[in-house]
Amino acid sequence: MLYLLQFVMGVLLIISFIGYMQFVRKALSIRWEFIPVVVFSSIACIVFLSGLAGQLFIGSLVLLLGGLLLYGGMVFLGMRRGASFRISFSLFQFSFLAGTFIFLLVLFQNQLTHYDNFSHWAIVLKQMLSTDAFPTPDSNLIDFKNYPLGTSSFIYYVCRFMGHDQSVMLLAQGLLIFSCFYAMFGIVSEKKRFLLYAFLGLGLSTLSFFNLTIRITNLLVDFLLPIYALAILAAVYQYRHDIKRACIIMLPLAGVLTVIKSTGIIFAAIGLIFLVYTWLKHRQKSSWKDALAVVGTICGTLIPYFGWSWRMATVFQGVDNKFDVATSGIQSGKTAEQMHEILWLFLKSSTDITTRPVIGIVIFQLVAIAASVFAYVVLKKKWNLWKALIALDVVMLLYYAGILALYLFSMPLDEAVRLAGFERYASSIVVLFAGGLVLCAAIDLERSFHYRIGEVPDYQAFKTVKTKGHYQKGIIGCMAIAATILLSEYNGIVSIARTYDTTLPYKIHAVTGDRWYKDGQEDNNRYLFYASDRDQQVTNYYMQYVGKYFLYAPHVDGIVLFYEDNMDNLLSGYDYLVVVETDRNAKWLLKKHYGIDMKEGIYKITRSGEQIILTLT
């Protein structure tokens with residue numbers, strides 16, 4: 001019965017999305033490529049603001065009903081006018097939707113495994129779904145309370161109506177990811193030039209190469225940051241002669257981007273700077289309305305950011321948070337020697353040619369330079385790719401400087417000395433760097449055709465038969481390489497799904513289940529987990545975080561070995577012993593002292609006088 005209800009609610013949610021998309025299409029007259037990301041981002045912003053106002057569920061319910069009413073109203077008006085129902089897709093739209101459906105389907109078969117899902121992103125979402133509210137200072141399960149909740153708000157909205165399964169969480173984030181990629185294709189003006197779509201498909205598919213560290217089978221947001229920024233760049237360029245419409249599209253995208261992660265404000269700033277540059281370049285003499293739209297967009301974009309900052313300053317006043325500059329940096333104990341060590345390791349990691357980010361930077365630099373020279377010498381065209389390369393290089397250098405400042409002055413010492421998360425941070429800017437070059441190259445390619453669409457009949461759209469042959473071969477080549485890259489990504493995601501039963505989260509879930517409590521009441525029992533320390537899964541606190549998530553309990557500790565002389569004293573401090581993995585030594589000790597045959601499961605710990613009793617529950 002529960003699954004049937006979730007299915008019905010899922011259908012209603014999809015209908016609600018369609019209702020909003022149809023409304024945006026008719027009200028704003030923007031291209032279809034930008035509509036999904038505008039709708040999803042607007043919903044994320046509204047749910048986020050509802051959470052700040054303490055009305056997370058009410059705001060979500062109103063949004064769902066609003067979309068259903070819009071859809072119903074448009075169906076009713078269509079029936080009154082006698083309009084026939086029809087669906088038509090271009091070749092590109094069909095190809096993109098088919099590919100997206102395949103990836104979302106395989107995402108739906110995955111579960112969470114990445115460390116940071118359980119240390120923050122998934123556990124905070126679980127608490128939001130359990131309490132219908134944002135975390136408070138009393139939320140003992142949440143360690144990093146200053147992490148913004150922009151993406152979490154959208155995932156909450158989807159999961160509130162479709163169910164709490166981890167696969168639904170991944171599906172919801174997948175909608176954001178693929179809507180951003182769809183928006184990037186909106187940069188193409190000549191829709192009949194399928195080569196442009198094939199080229200973009202090839203270029204954008206390579207971005208998955210820099211996301212292998214985390215893939216899309218998790219709730220981490222490091223990949224969302226750059227692709228949101230790229231979607232903004234595509235929208236602003238496409239509507240460079242209609243700034244007001246560009247501002248309307250950008251407002252929800254940049255707004256949610258500022259609260260996806262603390263570094264999201266950097267990526268939003270990149271989009272805002274490009275908006276101002278585009279407006280200044282194409283402005284009319286009497287463009288005060290455009291100027292007002294740009295200023296309004298900048299101010300509106302910052303509303304979620306300042307709303308979250310206000311919450312941190314009021315609700316969480318006096319609470320120490322990760323990466324809080326005021327209580328970290330030099331004041332946290334970093335000496336000059338330690339900072340020098342961090343600086344040296346940072347420079348070494350940033351220039352290591354064997355790492356994925358550096359490989360990407362070098363390859364795309366060389367390709368962009370070669371393409372610009374080829375266009376100038378052979379094609380006799382002045383491409384703007386070299387200008388984009390310089391601008392993106394500046395952005396990348398500033399970003400790396402910002403990361404270095406994070407490690408030196410904000411990040412805790414134990415994480416800074418090992419550059420925790422460096423590859424993810426670096427991959428984010430490389431995705432923006434590579435994606436920006438791909439978008440610019442697509443624009444240059446579009447401007448390089450001998451005839452523009454509409455100048456001559458379609459059958460004369462090529463300079464010669466030979467150039468038409470090159471065009472067709474280019475399409476086949478781009479599609480073949482893109483398909484190969486995407487197939488590799490698909491196989492990687494499928495492989496992760498198939499090997500889930502070998503992961504620690506699977507083993508813990510098999511023992512504890514996935515516990516959800518009414519009104520978000522935390523389980524305050526004290527749990528001691530026992531397992532091997534394979535891959536440092538206990539010493540790096542991975543097992544404990546996973547245990548906290550599944551048990552919904554803040555008091556979880558881990559151990560890899562029993563010491564016979566201290567067993568009674570150790571166990572007496574806990575309410576339950578959770579055995580995730582067994583070994584010969586532990587079996588012998590538990591048999592000797594407590595008379596049990598140790599196996600995977602949860603043991604209730606009780607005391608009878610001086611005797612510890614373990615009972616398998």
# chains A, B, ... in the order shown; residues from 1 in each chain; ligands from 1

call {"tool": "residues_around", "arguments": {"residues": "Val395 of chain A", "least_positions_apart": "5", "cutoff": "10 Å", "atoms": "only C-alpha atoms", "output": "list in words"}}
result
Ile266, Phe267, Ile270, Leu389, Ile390, Tyr400, Ala401, Ile429, Leu432 and Phe433 of chain A

call {"tool": "write_last_selection", "arguments": {"atoms": "N, CA, C and O atoms", "output": "PDB file, in the first residue's frame"}}
result
ATOM      1  N   ILE A 266      31.016  31.957  -5.150  1.00  0.00           N
ATOM      2  CA  ILE A 266      32.072  32.235  -6.135  1.00  0.00           C
ATOM      3  C   ILE A 266      31.558  31.950  -7.541  1.00  0.00           C
ATOM      4  O   ILE A 266      31.739  32.755  -8.467  1.00  0.00           O
ATOM      5  N   PHE A 267      30.918  30.811  -7.715  1.00  0.00           N
ATOM      6  CA  PHE A 267      30.408  30.439  -9.036  1.00  0.00           C
ATOM      7  C   PHE A 267      29.244  31.332  -9.451  1.00  0.00           C
ATOM      8  O   PHE A 267      29.086  31.654 -10.630  1.00  0.00           O
ATOM      9  N   ILE A 270      30.690  34.517 -10.786  1.00  0.00           N
ATOM     10  CA  ILE A 270      31.175  34.383 -12.167  1.00  0.00           C
ATOM     11  C   ILE A 270      30.030  34.638 -13.144  1.00  0.00           C
ATOM     12  O   ILE A 270      30.175  35.358 -14.136  1.00  0.00           O
ATOM     13  N   LEU A 389      39.653  31.665 -23.270  1.00  0.00           N
ATOM     14  CA  LEU A 389      40.745  30.948 -22.603  1.00  0.00           C
ATOM     15  C   LEU A 389      41.443  31.849 -21.585  1.00  0.00           C
ATOM     16  O   LEU A 389      41.709  31.439 -20.446  1.00  0.00           O
ATOM     17  N   ILE A 390      41.727  33.080 -21.971  1.00  0.00           N
ATOM     18  CA  ILE A 390      42.395  34.015 -21.061  1.00  0.00           C
ATOM     19  C   ILE A 390      41.504  34.315 -19.851  1.00  0.00           C
ATOM     20  O   ILE A 390      41.957  34.294 -18.693  1.00  0.00           O
ATOM     21  N   TYR A 400      41.989  29.020  -7.417  1.00  0.00           N
ATOM     22  CA  TYR A 400      43.042  28.277  -6.723  1.00  0.00           C
ATOM     23  C   TYR A 400      43.599  29.086  -5.554  1.00  0.00           C
ATOM     24  O   TYR A 400      43.920  28.538  -4.492  1.00  0.00           O
ATOM     25  N   ALA A 401      43.722  30.401  -5.739  1.00  0.00           N
ATOM     26  CA  ALA A 401      44.177  31.256  -4.639  1.00  0.00           C
ATOM     27  C   ALA A 401      43.184  31.208  -3.482  1.00  0.00           C
ATOM     28  O   ALA A 401      43.579  31.197  -2.304  1.00  0.00           O
ATOM     29  N   ILE A 429      36.523  23.520 -10.485  1.00  0.00           N
ATOM     30  CA  ILE A 429      36.925  24.636 -11.337  1.00  0.00           C
ATOM     31  C   ILE A 429      37.386  24.130 -12.708  1.00  0.00           C
ATOM     32  O   ILE A 429      37.227  24.822 -13.718  1.00  0.00           O
ATOM     33  N   LEU A 432      34.359  23.779 -14.814  1.00  0.00           N
ATOM     34  CA  LEU A 432      33.953  25.095 -15.318  1.00  0.00           C
ATOM     35  C   LEU A 432      34.877  25.553 -16.438  1.00  0.00           C
ATOM     36  O   LEU A 432      34.411  26.076 -17.468  1.00  0.00           O
ATOM     37  N   PHE A 433      36.165  25.361 -16.256  1.00  0.00           N
ATOM     38  CA  PHE A 433      37.160  25.766 -17.247  1.00  0.00           C
ATOM     39  C   PHE A 433      36.933  25.033 -18.572  1.00  0.00           C
ATOM     40  O   PHE A 433      36.829  25.658 -19.642  1.00  0.00           O
TER      41      PHE A 433
END

call {"tool": "closest_atom_pairs", "arguments": {"of": "segment 32-142 of chain A", "to": "segment 148-167 of chain A", "cutoff": "7 Å", "atoms": "only C-alpha atoms", "output": "tab-separated table"}}
result
residue	atom	partner	partner_atom	distance
A:Ile43	CA	A:Phe154	CA	6.7
A:Ala44	CA	A:Phe154	CA	4.5
A:Cys45	CA	A:Gly150	CA	7.0
A:Val47	CA	A:Ser153	CA	5.8
A:Phe48	CA	A:Ser153	CA	5.4
A:Ser60	CA	A:Tyr157	CA	6.0
A:Leu107	CA	A:Ser167	CA	6.8
A:Phe108	CA	A:Ser167	CA	4.7
A:Gln109	CA	A:Ser167	CA	6.3
A:Asn110	CA	A:Ser167	CA	5.8
A:Gln111	CA	A:Gln166	CA	5.6
A:Leu112	CA	A:Gln166	CA	6.5
A:Leu125	CA	A:Ser152	CA	6.1
A:Leu129	CA	A:Tyr156	CA	6.5

call {"tool": "write_last_selection", "arguments": {"atoms": "N, CA, C and O atoms", "output": "CSV table (one decimal), in the first residue's frame"}}
result
chain,number,residue,atom,x,y,z
A,43,ILE,N,11.8,26.1,-7.6
A,43,ILE,CA,11.3,25.3,-6.5
A,43,ILE,C,12.3,25.2,-5.4
A,43,ILE,O,11.9,25.3,-4.2
A,44,ALA,N,13.5,24.9,-5.7
A,44,ALA,CA,14.6,24.8,-4.7
A,44,ALA,C,14.7,26.1,-3.8
A,44,ALA,O,14.8,26.1,-2.6
A,45,CYS,N,14.6,27.3,-4.5
A,45,CYS,CA,14.7,28.5,-3.8
A,45,CYS,C,13.5,28.8,-2.9
A,45,CYS,O,13.6,29.2,-1.7
A,47,VAL,N,11.4,26.5,-1.6
A,47,VAL,CA,11.5,25.5,-0.5
A,47,VAL,C,12.5,25.9,0.5
A,47,VAL,O,12.3,25.9,1.8
A,48,PHE,N,13.7,26.4,0.0
A,48,PHE,CA,14.7,26.9,0.9
A,48,PHE,C,14.2,28.1,1.8
A,48,PHE,O,14.4,28.1,3.0
A,60,SER,N,6.3,23.3,0.7
A,60,SER,CA,6.4,22.2,-0.3
A,60,SER,C,5.0,21.8,-0.8
A,60,SER,O,4.8,21.6,-2.0
A,107,LEU,N,20.6,5.4,-12.0
A,107,LEU,CA,20.8,6.0,-10.8
A,107,LEU,C,19.8,5.5,-9.7
A,107,LEU,O,20.1,5.4,-8.5
A,108,PHE,N,18.6,5.3,-10.2
A,108,PHE,CA,17.5,4.8,-9.3
A,108,PHE,C,17.8,3.4,-8.7
A,108,PHE,O,17.2,3.0,-7.7
A,109,GLN,N,18.8,2.7,-9.3
A,109,GLN,CA,19.2,1.4,-8.8
A,109,GLN,C,20.4,1.5,-7.8
A,109,GLN,O,20.9,0.5,-7.3
A,110,ASN,N,20.9,2.7,-7.6
A,110,ASN,CA,22.1,2.9,-6.8
A,110,ASN,C,21.7,3.3,-5.3
A,110,ASN,O,20.6,3.8,-5.1
A,111,GLN,N,22.6,3.0,-4.4
A,111,GLN,CA,22.5,3.5,-3.0
A,111,GLN,C,23.7,4.3,-2.7
A,111,GLN,O,24.7,4.3,-3.4
A,112,LEU,N,23.7,5.0,-1.6
A,112,LEU,CA,24.7,5.9,-1.2
A,112,LEU,C,25.9,5.1,-0.6
A,112,LEU,O,25.7,4.2,0.2
A,125,LEU,N,19.6,15.6,5.2
A,125,LEU,CA,18.4,15.4,4.5
A,125,LEU,C,17.5,14.5,5.2
A,125,LEU,O,16.2,14.7,5.3
A,129,LEU,N,13.7,15.4,6.4
A,129,LEU,CA,12.5,14.6,6.1
A,129,LEU,C,11.8,14.1,7.4
A,129,LEU,O,10.6,13.9,7.4

call {"tool": "residues_around", "arguments": {"residues": "segment 92-98 of chain A", "least_positions_apart": "4", "cutoff": "9 Å", "atoms": "only C-alpha atoms", "output": "ChimeraX atom specification"}}
result
/A:102-103,182,191,194,197-198

call {"tool": "residues_around", "arguments": {"residues": "Gly595 of chain A", "least_positions_apart": "3", "cutoff": "12 Å", "atoms": "only C-alpha atoms", "output": "ChimeraX atom specification"}}
result
/A:587-592,598,611-616

call {"tool": "residues_around", "arguments": {"residues": "Phe34 of chain A", "least_positions_apart": "2", "cutoff": "9 Å", "atoms": "only C-alpha atoms", "output": "VMD selection string"}}
result
chain A and resid 30 to 32 36 to 39 179 to 180 182 to 186 231 235 249

call {"tool": "write_last_selection", "arguments": {"atoms": "C-alpha atoms", "output": "PDB file, in the first residue's frame"}}
result
ATOM      1  CA  ILE A  30      11.891  31.142 -23.245  1.00  0.00           C
ATOM      2  CA  ARG A  31      13.489  28.193 -24.997  1.00  0.00           C
ATOM      3  CA  TRP A  32      12.691  24.696 -23.773  1.00  0.00           C
ATOM      4  CA  PRO A  36      13.507  22.534 -16.578  1.00  0.00           C
ATOM      5  CA  VAL A  37      16.445  24.123 -14.744  1.00  0.00           C
ATOM      6  CA  VAL A  38      14.453  27.341 -14.177  1.00  0.00           C
ATOM      7  CA  VAL A  39      11.534  25.371 -12.709  1.00  0.00           C
ATOM      8  CA  SER A 179      18.563  19.952 -16.342  1.00  0.00           C
ATOM      9  CA  CYS A 180      21.818  21.943 -16.164  1.00  0.00           C
ATOM     10  CA  TYR A 182      20.110  20.436 -21.061  1.00  0.00           C
ATOM     11  CA  ALA A 183      20.351  24.196 -20.465  1.00  0.00           C
ATOM     12  CA  MET A 184      23.895  24.277 -21.857  1.00  0.00           C
ATOM     13  CA  PHE A 185      22.569  23.106 -25.218  1.00  0.00           C
ATOM     14  CA  GLY A 186      20.413  26.234 -25.237  1.00  0.00           C
ATOM     15  CA  ALA A 231      23.995  26.834 -17.491  1.00  0.00           C
ATOM     16  CA  ALA A 235      21.378  31.455 -20.839  1.00  0.00           C
ATOM     17  CA  ILE A 249      16.305  32.953 -16.170  1.00  0.00           C
TER      18      ILE A 249
END

call {"tool": "residues_around", "arguments": {"residues": "Thr136 of chain A", "least_positions_apart": "4", "cutoff": "9 Å", "atoms": "only C-alpha atoms", "output": "ChimeraX atom specification"}}
result
/A:140,142,145,315-316

call {"tool": "write_last_selection", "arguments": {"atoms": "all heavy atoms", "output": "PDB file, in the first residue's frame"}}
result
ATOM      1  N   ASN A 140      21.942  16.973  17.214  1.00  0.00           N
ATOM      2  CA  ASN A 140      23.204  16.313  17.558  1.00  0.00           C
ATOM      3  C   ASN A 140      23.756  15.473  16.419  1.00  0.00           C
ATOM      4  O   ASN A 140      24.944  15.144  16.400  1.00  0.00           O
ATOM      5  CB  ASN A 140      23.009  15.431  18.794  1.00  0.00           C
ATOM      6  CG  ASN A 140      22.638  16.225  20.023  1.00  0.00           C
ATOM      7  OD1 ASN A 140      23.181  17.301  20.259  1.00  0.00           O
ATOM      8  ND2 ASN A 140      21.690  15.724  20.807  1.00  0.00           N
ATOM      9  N   ILE A 142      23.977  16.364  13.280  1.00  0.00           N
ATOM     10  CA  ILE A 142      24.589  17.188  12.247  1.00  0.00           C
ATOM     11  C   ILE A 142      25.848  17.834  12.803  1.00  0.00           C
ATOM     12  O   ILE A 142      25.792  18.663  13.711  1.00  0.00           O
ATOM     13  CB  ILE A 142      23.617  18.280  11.753  1.00  0.00           C
ATOM     14  CG1 ILE A 142      22.236  17.679  11.457  1.00  0.00           C
ATOM     15  CG2 ILE A 142      24.195  18.972  10.534  1.00  0.00           C
ATOM     16  CD1 ILE A 142      22.250  16.594  10.413  1.00  0.00           C
ATOM     17  N   LYS A 145      26.853  22.290  10.715  1.00  0.00           N
ATOM     18  CA  LYS A 145      25.552  22.950  10.624  1.00  0.00           C
ATOM     19  C   LYS A 145      25.562  24.186   9.742  1.00  0.00           C
ATOM     20  O   LYS A 145      24.511  24.726   9.414  1.00  0.00           O
ATOM     21  CB  LYS A 145      25.062  23.302  12.029  1.00  0.00           C
ATOM     22  CG  LYS A 145      24.848  22.089  12.942  1.00  0.00           C
ATOM     23  CD  LYS A 145      24.351  22.515  14.314  1.00  0.00           C
ATOM     24  CE  LYS A 145      24.072  21.306  15.201  1.00  0.00           C
ATOM     25  NZ  LYS A 145      25.284  20.564  15.562  1.00  0.00           N
ATOM     26  N   VAL A 315      20.194  32.020  14.718  1.00  0.00           N
ATOM     27  CA  VAL A 315      19.833  30.700  15.260  1.00  0.00           C
ATOM     28  C   VAL A 315      21.053  29.963  15.786  1.00  0.00           C
ATOM     29  O   VAL A 315      20.995  29.278  16.815  1.00  0.00           O
ATOM     30  CB  VAL A 315      19.124  29.854  14.174  1.00  0.00           C
ATOM     31  CG1 VAL A 315      18.800  28.454  14.708  1.00  0.00           C
ATOM     32  CG2 VAL A 315      17.854  30.554  13.698  1.00  0.00           C
ATOM     33  N   PHE A 316      22.190  30.099  15.072  1.00  0.00           N
ATOM     34  CA  PHE A 316      23.398  29.375  15.458  1.00  0.00           C
ATOM     35  C   PHE A 316      24.438  30.285  16.115  1.00  0.00           C
ATOM     36  O   PHE A 316      25.626  30.018  16.043  1.00  0.00           O
ATOM     37  CB  PHE A 316      24.011  28.696  14.227  1.00  0.00           C
ATOM     38  CG  PHE A 316      23.184  27.559  13.704  1.00  0.00           C
ATOM     39  CD1 PHE A 316      22.232  27.772  12.719  1.00  0.00           C
ATOM     40  CD2 PHE A 316      23.338  26.285  14.209  1.00  0.00           C
ATOM     41  CE1 PHE A 316      21.451  26.730  12.244  1.00  0.00           C
ATOM     42  CE2 PHE A 316      22.562  25.228  13.737  1.00  0.00           C
ATOM     43  CZ  PHE A 316      21.620  25.458  12.754  1.00  0.00           C
TER      44      PHE A 316
END

call {"tool": "closest_residue", "arguments": {"among": "A:Leu219, A:Val295, A:Leu571, A:Ala442", "to": "Ile260 of chain A", "atoms": "only C-alpha atoms"}}
result
A:Leu219

call {"tool": "residues_around", "arguments": {"residues": "segment 368-379 of chain A", "least_positions_apart": "5", "cutoff": "12 Å", "atoms": "only C-alpha atoms", "output": "list in words"}}
result
Gly360, Ile361, Val362, Ile363, Asn384, Leu385, Trp386, Lys387, Ala388, Leu389, Ile390, Leu392, Asp393, Phe433, Ala434, Gly435, Gly436, Leu437, Val438, Leu439, Cys440, Ala441, Ala442, Asp444, Leu445, Arg447, Ser448, Phe449 and His450 of chain A

call {"tool": "closest_residue", "arguments": {"among": "A:Trp121, A:Phe181, A:Phe40, A:Tyr71", "to": "Pro252 of chain A", "atoms": "only C-alpha atoms"}}
result
A:Phe40

call {"tool": "closest_residue", "arguments": {"among": "A:Pro412, A:Phe134, A:Val256, A:Phe209", "to": "Ser488 of chain A", "atoms": "only C-alpha atoms"}}
result
A:Phe209

call {"tool": "atom_distance", "arguments": {"atom1": "atom CA of Ser410 of chain A", "atom2": "atom CA of Ala229 of chain A"}}
result
24.7 Å

call {"tool": "select_by_dssp", "arguments": {"residues": "segment 131-212 of chain A", "states": "alpha helix (DSSP H)", "output": "PyMOL selection string"}}
result
chain A and resi 131+150-162+166-184+194-205

call {"tool": "write_last_selection", "arguments": {"atoms": "N, CA and C atoms", "output": "compact mmCIF listing (two decimals), in the first residue's frame"}}
result
# COMPACT_ATOMS: atom_id res chain seq x y z
N THR A 131 11.82 15.72 10.40
CA THR A 131 11.29 16.80 11.24
C THR A 131 10.52 17.85 10.45
N GLY A 150 20.70 24.47 -0.09
CA GLY A 150 20.00 24.73 -1.35
C GLY A 150 19.61 23.47 -2.09
N THR A 151 20.57 22.60 -2.37
CA THR A 151 20.28 21.34 -3.05
C THR A 151 19.43 20.44 -2.17
N SER A 152 19.74 20.41 -0.88
CA SER A 152 18.97 19.57 0.05
C SER A 152 17.49 19.96 0.04
N SER A 153 17.20 21.24 -0.17
CA SER A 153 15.80 21.69 -0.18
C SER A 153 15.04 21.08 -1.36
N PHE A 154 15.69 21.04 -2.53
CA PHE A 154 15.02 20.45 -3.69
C PHE A 154 14.86 18.94 -3.50
N ILE A 155 15.90 18.27 -3.00
CA ILE A 155 15.80 16.83 -2.78
C ILE A 155 14.74 16.53 -1.74
N TYR A 156 14.66 17.36 -0.70
CA TYR A 156 13.60 17.21 0.30
C TYR A 156 12.23 17.27 -0.37
N TYR A 157 12.06 18.24 -1.27
CA TYR A 157 10.77 18.42 -1.94
C TYR A 157 10.37 17.16 -2.70
N VAL A 158 11.31 16.58 -3.43
CA VAL A 158 11.01 15.37 -4.20
C VAL A 158 10.76 14.19 -3.26
N CYS A 159 11.62 14.02 -2.27
CA CYS A 159 11.51 12.87 -1.37
C CYS A 159 10.29 12.98 -0.45
N ARG A 160 9.86 14.19 -0.14
CA ARG A 160 8.69 14.35 0.72
C ARG A 160 7.46 13.69 0.11
N PHE A 161 7.40 13.65 -1.23
CA PHE A 161 6.22 13.10 -1.89
C PHE A 161 6.47 11.76 -2.57
N MET A 162 7.72 11.47 -2.93
CA MET A 162 8.02 10.22 -3.63
C MET A 162 8.59 9.13 -2.73
N GLN A 166 17.07 6.05 -0.57
CA GLN A 166 18.29 6.69 -1.07
C GLN A 166 18.25 6.83 -2.59
N SER A 167 17.64 5.89 -3.26
CA SER A 167 17.55 5.96 -4.73
C SER A 167 16.73 7.17 -5.17
N VAL A 168 15.71 7.53 -4.39
CA VAL A 168 14.91 8.71 -4.72
C VAL A 168 15.74 9.97 -4.51
N MET A 169 16.57 9.98 -3.47
CA MET A 169 17.46 11.12 -3.25
C MET A 169 18.39 11.32 -4.45
N LEU A 170 18.96 10.21 -4.93
CA LEU A 170 19.86 10.30 -6.08
C LEU A 170 19.10 10.73 -7.34
N LEU A 171 17.89 10.24 -7.49
CA LEU A 171 17.07 10.63 -8.64
C LEU A 171 16.80 12.13 -8.63
N ALA A 172 16.49 12.67 -7.45
CA ALA A 172 16.19 14.10 -7.34
C ALA A 172 17.41 14.94 -7.72
N GLN A 173 18.57 14.56 -7.21
CA GLN A 173 19.77 15.33 -7.58
C GLN A 173 20.10 15.14 -9.05
N GLY A 174 19.81 13.95 -9.59
CA GLY A 174 20.02 13.71 -11.01
C GLY A 174 19.19 14.66 -11.87
N LEU A 175 17.99 14.99 -11.42
CA LEU A 175 17.16 15.94 -12.17
C LEU A 175 17.85 17.29 -12.28
N LEU A 176 18.47 17.74 -11.20
CA LEU A 176 19.20 19.01 -11.24
C LEU A 176 20.39 18.94 -12.19
N ILE A 177 21.12 17.84 -12.12
CA ILE A 177 22.32 17.69 -12.94
C ILE A 177 21.97 17.71 -14.43
N PHE A 178 21.02 16.90 -14.82
CA PHE A 178 20.70 16.80 -16.25
C PHE A 178 19.93 18.02 -16.76
N SER A 179 19.21 18.71 -15.89
CA SER A 179 18.56 19.95 -16.34
C SER A 179 19.62 21.02 -16.64
N CYS A 180 20.72 21.01 -15.88
CA CYS A 180 21.82 21.94 -16.16
C CYS A 180 22.47 21.62 -17.51
N PHE A 181 22.72 20.34 -17.76
CA PHE A 181 23.30 19.96 -19.04
C PHE A 181 22.37 20.30 -20.20
N TYR A 182 21.08 20.09 -20.01
CA TYR A 182 20.11 20.44 -21.06
C TYR A 182 20.16 21.93 -21.34
N ALA A 183 20.30 22.75 -20.29
CA ALA A 183 20.35 24.20 -20.46
C ALA A 183 21.58 24.62 -21.26
N MET A 184 22.68 23.91 -21.11
CA MET A 184 23.89 24.28 -21.86
C MET A 184 23.69 24.17 -23.36
N PHE A 194 22.74 20.05 -36.64
CA PHE A 194 22.89 18.98 -35.66
C PHE A 194 24.35 18.78 -35.27
N LEU A 195 25.27 19.23 -36.12
CA LEU A 195 26.69 19.12 -35.79
C LEU A 195 27.00 19.88 -34.50
N LEU A 196 26.33 21.01 -34.30
CA LEU A 196 26.57 21.80 -33.08
C LEU A 196 26.17 21.01 -31.84
N TYR A 197 25.03 20.33 -31.93
CA TYR A 197 24.59 19.51 -30.80
C TYR A 197 25.53 18.33 -30.58
N ALA A 198 25.98 17.73 -31.68
CA ALA A 198 26.91 16.60 -31.56
C ALA A 198 28.23 17.05 -30.96
N PHE A 199 28.72 18.22 -31.40
CA PHE A 199 29.97 18.75 -30.85
C PHE A 199 29.82 19.06 -29.36
N LEU A 200 28.72 19.71 -29.00
CA LEU A 200 28.49 20.01 -27.59
C LEU A 200 28.36 18.73 -26.77
N GLY A 201 27.67 17.75 -27.34
CA GLY A 201 27.53 16.47 -26.65
C GLY A 201 28.88 15.84 -26.37
N LEU A 202 29.78 15.92 -27.37
CA LEU A 202 31.13 15.39 -27.20
C LEU A 202 31.88 16.16 -26.12
N GLY A 203 31.88 17.49 -26.22
CA GLY A 203 32.63 18.30 -25.27
C GLY A 203 32.12 18.16 -23.85
N LEU A 204 30.80 18.21 -23.69
CA LEU A 204 30.23 18.15 -22.34
C LEU A 204 30.34 16.76 -21.73
N SER A 205 30.34 15.73 -22.57
CA SER A 205 30.49 14.37 -22.04
C SER A 205 31.87 14.17 -21.41
